[in-house]
Amino acid sequence: MSTDEAVIVGAELAAGHDGTTELVVRLRHPGGAENAVVLDEDVGLALMARCGASHVDELAGHSWRRIMEAGDGV
Amino acid sequence: MAYDVVVRNGLVVDGTGAPSFRADVGVKDGRIAEIGAIAPGAGAREVDAAGRVVAPGFIDPHTHFDVQLLWDGAARPALEHGVTCVVPGNCSLSLAPLKAADRQRVVGMFQQIEEMPPEAFTTAFDWSWEDFAGYRRAIEKALSINVAPLVGHSVIRLWVMGAAAQERAATADEIAAMQDLLRQCLEAGAVGLSTSFVDIDENGRPVPSRFAQFEELDALSATLGEFGRMLQCVPEFYDTDITIARIDQLSELSLKHGIPTTFSPVFDSRATPNNVPRIMARVEEQFARGARVWPQMQTRPIDVSFSLLRPSLFFARLPRWVRVLRQPVEARLASLNDPETKAKMVADLGADGGERMMGKLVVRGGDAAPADLIGKTLGEIAAARGQAPALALIDLSLENGLDVAFLAASTGHEDTDRVTPTPANPLVHIGASDGGAHISSFSTYGDTGYLFSEFVRKGGHLSLEQAVAKITGETADIWGLKDRGRLKAGLAADIVVFDPDTIDREAELPAFDMPGDGMRYVRGARGIDTVLVNGQVAYAGGAYTEARSGVVCV
């Protein structure tokens, strides 16, 4: 796991404002700080596909850049 | 007769938060004339409110009824829920001012948010206006409900900048032109300006308001300040830090220009438990500075829905389901029809066959679901079929071309004990119903009934008086609706008579009452006896009347 950029350390499912399931992705930054990014269903599914994940727990360890790529691909 | 209407023997909850009291309410010429003991037979029409609450009509401050009001002046089913005033034009989008050449562009944006069928824009009304005054005249022809319309920042931008509104920042001259246009709209009856940092059009492009720089919003807020009117905003609610930055921005605009501001949505989620507390901490700081930056919170819990027609995160903890459902449709069908794969998918749910995860899913209508199954739980259906719930979900979907939608009810913002401190906070504005939006995804009606059934009656988290004040007097104060929101002699006679023991929202059902037989999800009302709008009975005994007494009210 690279330590010089933010990485995904976990993800949870949540109910979204638009009536679909959303993906709440927790990121850890190089300085140790953590924050959460909420992805809508399309981007969340694209992130799982891009990371080759078939379970949300398999997102841990991937670079934050996969989120950007997933968003661009939707 | 001394009065046009007398509402007798009710428990008056006057919208101020003060203790309730028993009294009659006399109405004359559209206004509340007297509250007290009124002589028998003094009313041309008498409404028996014994055992009922008599309250000001409810105000719904966040709706998207802009289009529907053109053919349905009651904003059904809002009125039957006791709502006597709606605020459309939220999220930067209104139907005026709008040049004829730009209509199709804005229709696309509305369809993205409201999910209205195309016929709603082509067959349901005569699109005769361009300016805000013209739109006002168009809806005023047959209003049964009061309307306090916002004007949308995106359409103001589009009028002034044309296609460039979705491409770049505005010049100083363009900003000045927007101010002039906004001023015209406010003079024509707009209750404020709405803007959005989130919404997209039907092509996934940001709506025009998202291209504005702060200088533009500052200038438009200065114009709002000339009238003391509202700035409504959709911040980047998916990110707490950005939302807090927007709260600071709105606060600066509020302080600088002397305007109220409001933002939404705000809702509780177990996945982001610090979101609401952090937002409220910043809101309280800003109110302490003198800013008016009202967070709007919905009362209803969030339901999510899905079908097997497309992948869904609902299954994101079931790897085999994820792999099967992310395939193209033909391959997906082949996998779901394969007995071995199907058996493994069911086995993945564990020994209960999916009862815990899927048993409470509800089959929704509005698609290919068999009519006799609509509203039933998957657990009930599975039991009747002698199947495990997971297998029933797959087979039921296969039998109907995968076009069966399932609803997972109350999966977010559902824990009343966690949610309650926020709506009970005097700085929190109850709203964000989104009435008239997302119509083919979920029902946005009945949040007021849910407020009473869940937060007052079931949990006892709010008193009856507090709850009424939240959605009447306090809302009127926030929006500057001086004639509304309270039962007081001289004010407009917007009155709802309801049963405090039964008021609630009904189950969500599909209705095919949109133009072109378009479908939407609705919820009927329970416990609402009578609704008066400007002194006329607009709803009584479970039916709408012919009254058209609604007005544009600012």
# chains A, B, ... in the order shown; residues from 1 in each chain; ligands from 1
call {"tool": "residues_around", "arguments": {"residues": "Leu59 (chain A)", "least_positions_apart": "3", "cutoff": "7 Å", "atoms": "only C-alpha atoms", "output": "list in words"}}
result
Ile8, Gly10, Met48, Cys51, Ala53, Val56 and His62 of chain A
call {"tool": "write_last_selection", "arguments": {"atoms": "C-alpha atoms", "output": "short mmCIF file (atom, residue, chain, number, x, y, z; two decimals), in the first residue's frame"}}
result
data_model
loop_
_atom_site.label_atom_id
_atom_site.label_comp_id
_atom_site.auth_asym_id
_atom_site.auth_seq_id
_atom_site.Cartn_x
_atom_site.Cartn_y
_atom_site.Cartn_z
CA ILE A 8 -9.32 3.71 0.66
CA GLY A 10 -13.09 1.07 4.14
CA MET A 48 -16.16 -1.60 -7.40
CA CYS A 51 -11.10 -2.10 -8.34
CA ALA A 53 -14.16 -5.79 -6.16
CA VAL A 56 -17.37 -3.55 -0.56
CA HIS A 62 -6.95 0.88 -3.35
#
call {"tool": "select_by_dssp", "arguments": {"residues": "region 46-94 of chain B", "states": "strand (DSSP E or B)", "output": "ChimeraX atom specification"}}
result
/B:46-48,53-56,58-60,63,83-86
call {"tool": "interface_residues", "arguments": {"of": "chain B", "to": "chain A", "cutoff": "9 Å", "atoms": "only C-alpha atoms", "output": "ChimeraX atom specification"}}
result
/B:238-240,265,267,269-272,302-306,311-323,326,410-413,438,441-442
call {"tool": "residues_around", "arguments": {"residues": "region 360-377 of chain B", "least_positions_apart": "5", "cutoff": "7 Å", "atoms": "only C-alpha atoms", "output": "ChimeraX atom specification"}}
result
/B:400,403-408,509-510,519
call {"tool": "write_last_selection", "arguments": {"atoms": "N, CA and C atoms", "output": "compact mmCIF listing (two decimals), in the first residue's frame"}}
result
# COMPACT_ATOMS: atom_id res chain seq x y z
N ASN B 400 -40.93 -11.91 -14.74
CA ASN B 400 -41.47 -10.62 -15.19
C ASN B 400 -40.40 -9.77 -15.88
N ASP B 403 -38.22 -6.84 -14.51
CA ASP B 403 -38.76 -5.51 -14.24
C ASP B 403 -39.70 -5.51 -13.03
N VAL B 404 -39.20 -5.99 -11.91
CA VAL B 404 -39.94 -5.95 -10.66
C VAL B 404 -39.10 -5.16 -9.66
N ALA B 405 -39.68 -4.10 -9.17
CA ALA B 405 -38.94 -3.24 -8.24
C ALA B 405 -39.22 -3.65 -6.81
N PHE B 406 -38.18 -3.66 -6.01
CA PHE B 406 -38.29 -4.00 -4.59
C PHE B 406 -37.89 -2.80 -3.76
N LEU B 407 -38.61 -2.60 -2.69
CA LEU B 407 -38.36 -1.45 -1.82
C LEU B 407 -37.82 -1.92 -0.47
N ALA B 408 -36.70 -1.34 -0.09
CA ALA B 408 -36.18 -1.55 1.26
C ALA B 408 -36.54 -0.31 2.06
N LEU B 509 -48.08 4.06 -2.92
CA LEU B 509 -48.71 3.32 -4.02
C LEU B 509 -48.40 4.00 -5.35
N PRO B 510 -48.37 3.25 -6.43
CA PRO B 510 -48.25 3.88 -7.74
C PRO B 510 -49.58 4.49 -8.16
N MET B 519 -46.77 7.56 -14.63
CA MET B 519 -46.84 6.98 -13.29
C MET B 519 -46.06 7.83 -12.29
call {"tool": "select_by_dssp", "arguments": {"residues": "chain A", "states": "alpha helix (DSSP H)", "output": "NGL selection string"}}
result
:A and (41-50 or 65-73)
call {"tool": "closest_residue", "arguments": {"among": "B:Ala124, B:Ile145, B:Ala133, B:Ala424", "to": "Glu465 (chain B)", "atoms": "only C-alpha atoms"}}
result
B:Ala424
call {"tool": "residues_around", "arguments": {"residues": "Leu186 (chain B)", "least_positions_apart": "3", "cutoff": "9 Å", "atoms": "only C-alpha atoms", "output": "PDB file with C-alpha atoms, in the first residue's frame"}}
result
ATOM      1  CA  PHE B 132     -42.227  35.483 -14.110  1.00  0.00           C
ATOM      2  CA  LEU B 150     -38.943  30.810  -5.784  1.00  0.00           C
ATOM      3  CA  VAL B 151     -37.221  31.898  -8.973  1.00  0.00           C
ATOM      4  CA  LEU B 181     -34.110  40.272 -14.048  1.00  0.00           C
ATOM      5  CA  LEU B 182     -34.201  38.971 -10.472  1.00  0.00           C
ATOM      6  CA  ARG B 183     -35.633  42.305  -9.344  1.00  0.00           C
ATOM      7  CA  GLY B 189     -44.143  37.751  -6.579  1.00  0.00           C
ATOM      8  CA  ALA B 190     -41.108  35.515  -6.236  1.00  0.00           C
ATOM      9  CA  VAL B 191     -40.466  34.693  -2.582  1.00  0.00           C
ATOM     10  CA  GLY B 192     -36.739  34.403  -3.188  1.00  0.00           C
ATOM     11  CA  LEU B 193     -33.996  32.877  -5.305  1.00  0.00           C
ATOM     12  CA  LEU B 224     -32.604  39.836  -2.575  1.00  0.00           C
ATOM     13  CA  PHE B 227     -36.663  42.915  -0.667  1.00  0.00           C
ATOM     14  CA  ARG B 229     -36.214  37.713   0.522  1.00  0.00           C
TER      15      ARG B 229
END
call {"tool": "atom_distance", "arguments": {"atom1": "CA of Ala55 (chain B)", "atom2": "CA of Phe498 (chain B)"}}
result
8.1 Å
call {"tool": "residues_around", "arguments": {"residues": "region 115-123 of chain B", "least_positions_apart": "5", "cutoff": "6 Å", "atoms": "only C-alpha atoms", "output": "list in words"}}
result
His438, Ile439, Pro515, Gly516 and Gly518 of chain B
call {"tool": "atom_distance", "arguments": {"atom1": "CA of Gly225 (chain B)", "atom2": "CA of Ile244 (chain B)"}}
result
22.8 Å
call {"tool": "residues_around", "arguments": {"residues": "Gly490 (chain B)", "least_positions_apart": "3", "cutoff": "8 Å", "atoms": "only C-alpha atoms", "output": "number ranges by chain"}}
result
B: 31-33
call {"tool": "residues_around", "arguments": {"residues": "Lys470 (chain B)", "least_positions_apart": "5", "cutoff": "8 Å", "atoms": "only C-alpha atoms", "output": "mmCIF file with N, CA and C atoms, in the first residue's frame"}}
result
data_model
loop_
_atom_site.group_PDB
_atom_site.id
_atom_site.type_symbol
_atom_site.label_atom_id
_atom_site.label_comp_id
_atom_site.auth_asym_id
_atom_site.auth_seq_id
_atom_site.Cartn_x
_atom_site.Cartn_y
_atom_site.Cartn_z
ATOM 1 N N GLY B 15 -50.209 27.582 16.198
ATOM 2 C CA GLY B 15 -49.013 27.745 15.353
ATOM 3 C C GLY B 15 -47.905 28.545 16.004
ATOM 4 N N HIS B 429 -35.183 23.884 10.391
ATOM 5 C CA HIS B 429 -36.388 24.130 9.616
ATOM 6 C C HIS B 429 -36.863 22.773 9.092
ATOM 7 N N ILE B 430 -38.079 22.381 9.417
ATOM 8 C CA ILE B 430 -38.593 21.115 8.887
ATOM 9 C C ILE B 430 -39.079 21.349 7.466
ATOM 10 N N THR B 475 -42.227 28.274 10.129
ATOM 11 C CA THR B 475 -41.936 28.282 8.698
ATOM 12 C C THR B 475 -42.330 29.615 8.071
#
call {"tool": "atom_distance", "arguments": {"atom1": "CA of Ala384 (chain B)", "atom2": "CA of Gly359 (chain B)"}}
result
12.6 Å
call {"tool": "closest_residue", "arguments": {"among": "B:Glu34, B:Glu414, B:Asp248, B:Asp268", "to": "Val293 (chain B)", "atoms": "only C-alpha atoms"}}
result
B:Asp248
call {"tool": "decode", "arguments": {"residues": "region 10-50 of chain A", "atoms": "N, CA and C atoms", "output": "compact mmCIF listing (two decimals), in the first residue's frame"}}
result
# COMPACT_ATOMS: atom_id res chain seq x y z
N GLY A 10 -11.84 1.76 3.83
CA GLY A 10 -13.09 1.07 4.14
C GLY A 10 -14.24 1.66 3.36
N ALA A 11 -15.35 0.95 3.35
CA ALA A 11 -16.52 1.46 2.66
C ALA A 11 -17.77 0.89 3.32
N GLU A 12 -18.81 1.68 3.32
CA GLU A 12 -20.08 1.25 3.88
C GLU A 12 -21.21 1.61 2.93
N LEU A 13 -22.30 0.92 3.06
CA LEU A 13 -23.49 1.23 2.27
C LEU A 13 -24.41 2.15 3.06
N ALA A 14 -25.06 3.05 2.36
CA ALA A 14 -25.97 3.98 3.03
C ALA A 14 -27.13 4.29 2.10
N ALA A 15 -28.24 4.70 2.72
CA ALA A 15 -29.41 5.10 1.93
C ALA A 15 -29.21 6.53 1.46
N GLY A 16 -29.41 6.76 0.17
CA GLY A 16 -29.16 8.08 -0.39
C GLY A 16 -30.42 8.91 -0.55
N HIS A 17 -30.24 10.19 -0.64
CA HIS A 17 -31.35 11.14 -0.80
C HIS A 17 -32.25 10.79 -1.98
N ASP A 18 -31.67 10.24 -3.03
CA ASP A 18 -32.44 9.96 -4.24
C ASP A 18 -33.10 8.59 -4.24
N GLY A 19 -33.09 7.89 -3.11
CA GLY A 19 -33.78 6.62 -3.02
C GLY A 19 -33.00 5.44 -3.59
N THR A 20 -31.70 5.61 -3.68
CA THR A 20 -30.85 4.49 -4.08
C THR A 20 -29.80 4.28 -3.00
N THR A 21 -29.13 3.14 -3.08
CA THR A 21 -28.06 2.86 -2.12
C THR A 21 -26.80 3.59 -2.56
N GLU A 22 -26.14 4.21 -1.61
CA GLU A 22 -24.90 4.92 -1.91
C GLU A 22 -23.74 4.23 -1.21
N LEU A 23 -22.55 4.58 -1.66
CA LEU A 23 -21.34 4.01 -1.10
C LEU A 23 -20.58 5.11 -0.37
N VAL A 24 -20.37 4.91 0.92
CA VAL A 24 -19.60 5.86 1.71
C VAL A 24 -18.19 5.30 1.85
N VAL A 25 -17.24 5.94 1.19
CA VAL A 25 -15.86 5.44 1.13
C VAL A 25 -15.00 6.25 2.11
N ARG A 26 -14.31 5.55 2.99
CA ARG A 26 -13.40 6.25 3.91
C ARG A 26 -11.98 6.25 3.36
N LEU A 27 -11.39 7.44 3.37
CA LEU A 27 -10.03 7.61 2.85
C LEU A 27 -9.09 7.96 3.99
N ARG A 28 -7.88 7.40 3.93
CA ARG A 28 -6.83 7.83 4.88
C ARG A 28 -5.77 8.56 4.08
N HIS A 29 -5.45 9.76 4.54
CA HIS A 29 -4.49 10.59 3.84
C HIS A 29 -3.08 10.33 4.38
N PRO A 30 -2.05 10.76 3.63
CA PRO A 30 -0.67 10.45 4.05
C PRO A 30 -0.36 10.93 5.47
N GLY A 31 -0.95 12.03 5.89
CA GLY A 31 -0.69 12.52 7.24
C GLY A 31 -1.45 11.77 8.32
N GLY A 32 -2.29 10.83 7.92
CA GLY A 32 -3.03 10.04 8.89
C GLY A 32 -4.48 10.46 9.06
N ALA A 33 -4.83 11.63 8.53
CA ALA A 33 -6.21 12.08 8.66
C ALA A 33 -7.13 11.21 7.80
N GLU A 34 -8.36 11.07 8.26
CA GLU A 34 -9.34 10.29 7.50
C GLU A 34 -10.56 11.16 7.19
N ASN A 35 -11.17 10.90 6.07
CA ASN A 35 -12.45 11.52 5.77
C ASN A 35 -13.29 10.56 4.94
N ALA A 36 -14.54 10.91 4.78
CA ALA A 36 -15.46 10.05 4.04
C ALA A 36 -15.93 10.74 2.77
N VAL A 37 -16.08 9.97 1.72
CA VAL A 37 -16.59 10.48 0.45
C VAL A 37 -17.84 9.67 0.12
N VAL A 38 -18.93 10.36 -0.17
CA VAL A 38 -20.17 9.66 -0.49
C VAL A 38 -20.32 9.57 -2.01
N LEU A 39 -20.43 8.37 -2.53
CA LEU A 39 -20.57 8.16 -3.97
C LEU A 39 -21.99 7.69 -4.28
N ASP A 40 -22.55 8.21 -5.36
CA ASP A 40 -23.88 7.73 -5.73
C ASP A 40 -23.78 6.30 -6.28
N GLU A 41 -24.92 5.70 -6.57
CA GLU A 41 -24.93 4.28 -6.91
C GLU A 41 -24.11 3.98 -8.16
N ASP A 42 -24.24 4.81 -9.18
CA ASP A 42 -23.52 4.55 -10.43
C ASP A 42 -22.01 4.62 -10.22
N VAL A 43 -21.57 5.66 -9.52
CA VAL A 43 -20.12 5.80 -9.30
C VAL A 43 -19.63 4.72 -8.34
N GLY A 44 -20.43 4.40 -7.35
CA GLY A 44 -20.05 3.35 -6.42
C GLY A 44 -19.87 2.01 -7.12
N LEU A 45 -20.80 1.67 -7.99
CA LEU A 45 -20.68 0.41 -8.74
C LEU A 45 -19.49 0.46 -9.68
N ALA A 46 -19.25 1.63 -10.29
CA ALA A 46 -18.10 1.77 -11.19
C ALA A 46 -16.79 1.62 -10.42
N LEU A 47 -16.76 2.15 -9.20
CA LEU A 47 -15.56 2.01 -8.37
C LEU A 47 -15.30 0.55 -8.06
N MET A 48 -16.35 -0.18 -7.70
CA MET A 48 -16.16 -1.60 -7.40
C MET A 48 -15.63 -2.34 -8.62
N ALA A 49 -16.21 -2.03 -9.78
CA ALA A 49 -15.76 -2.70 -11.01
C ALA A 49 -14.31 -2.35 -11.31
N ARG A 50 -13.97 -1.08 -11.17
CA ARG A 50 -12.60 -0.64 -11.49
C ARG A 50 -11.58 -1.26 -10.55
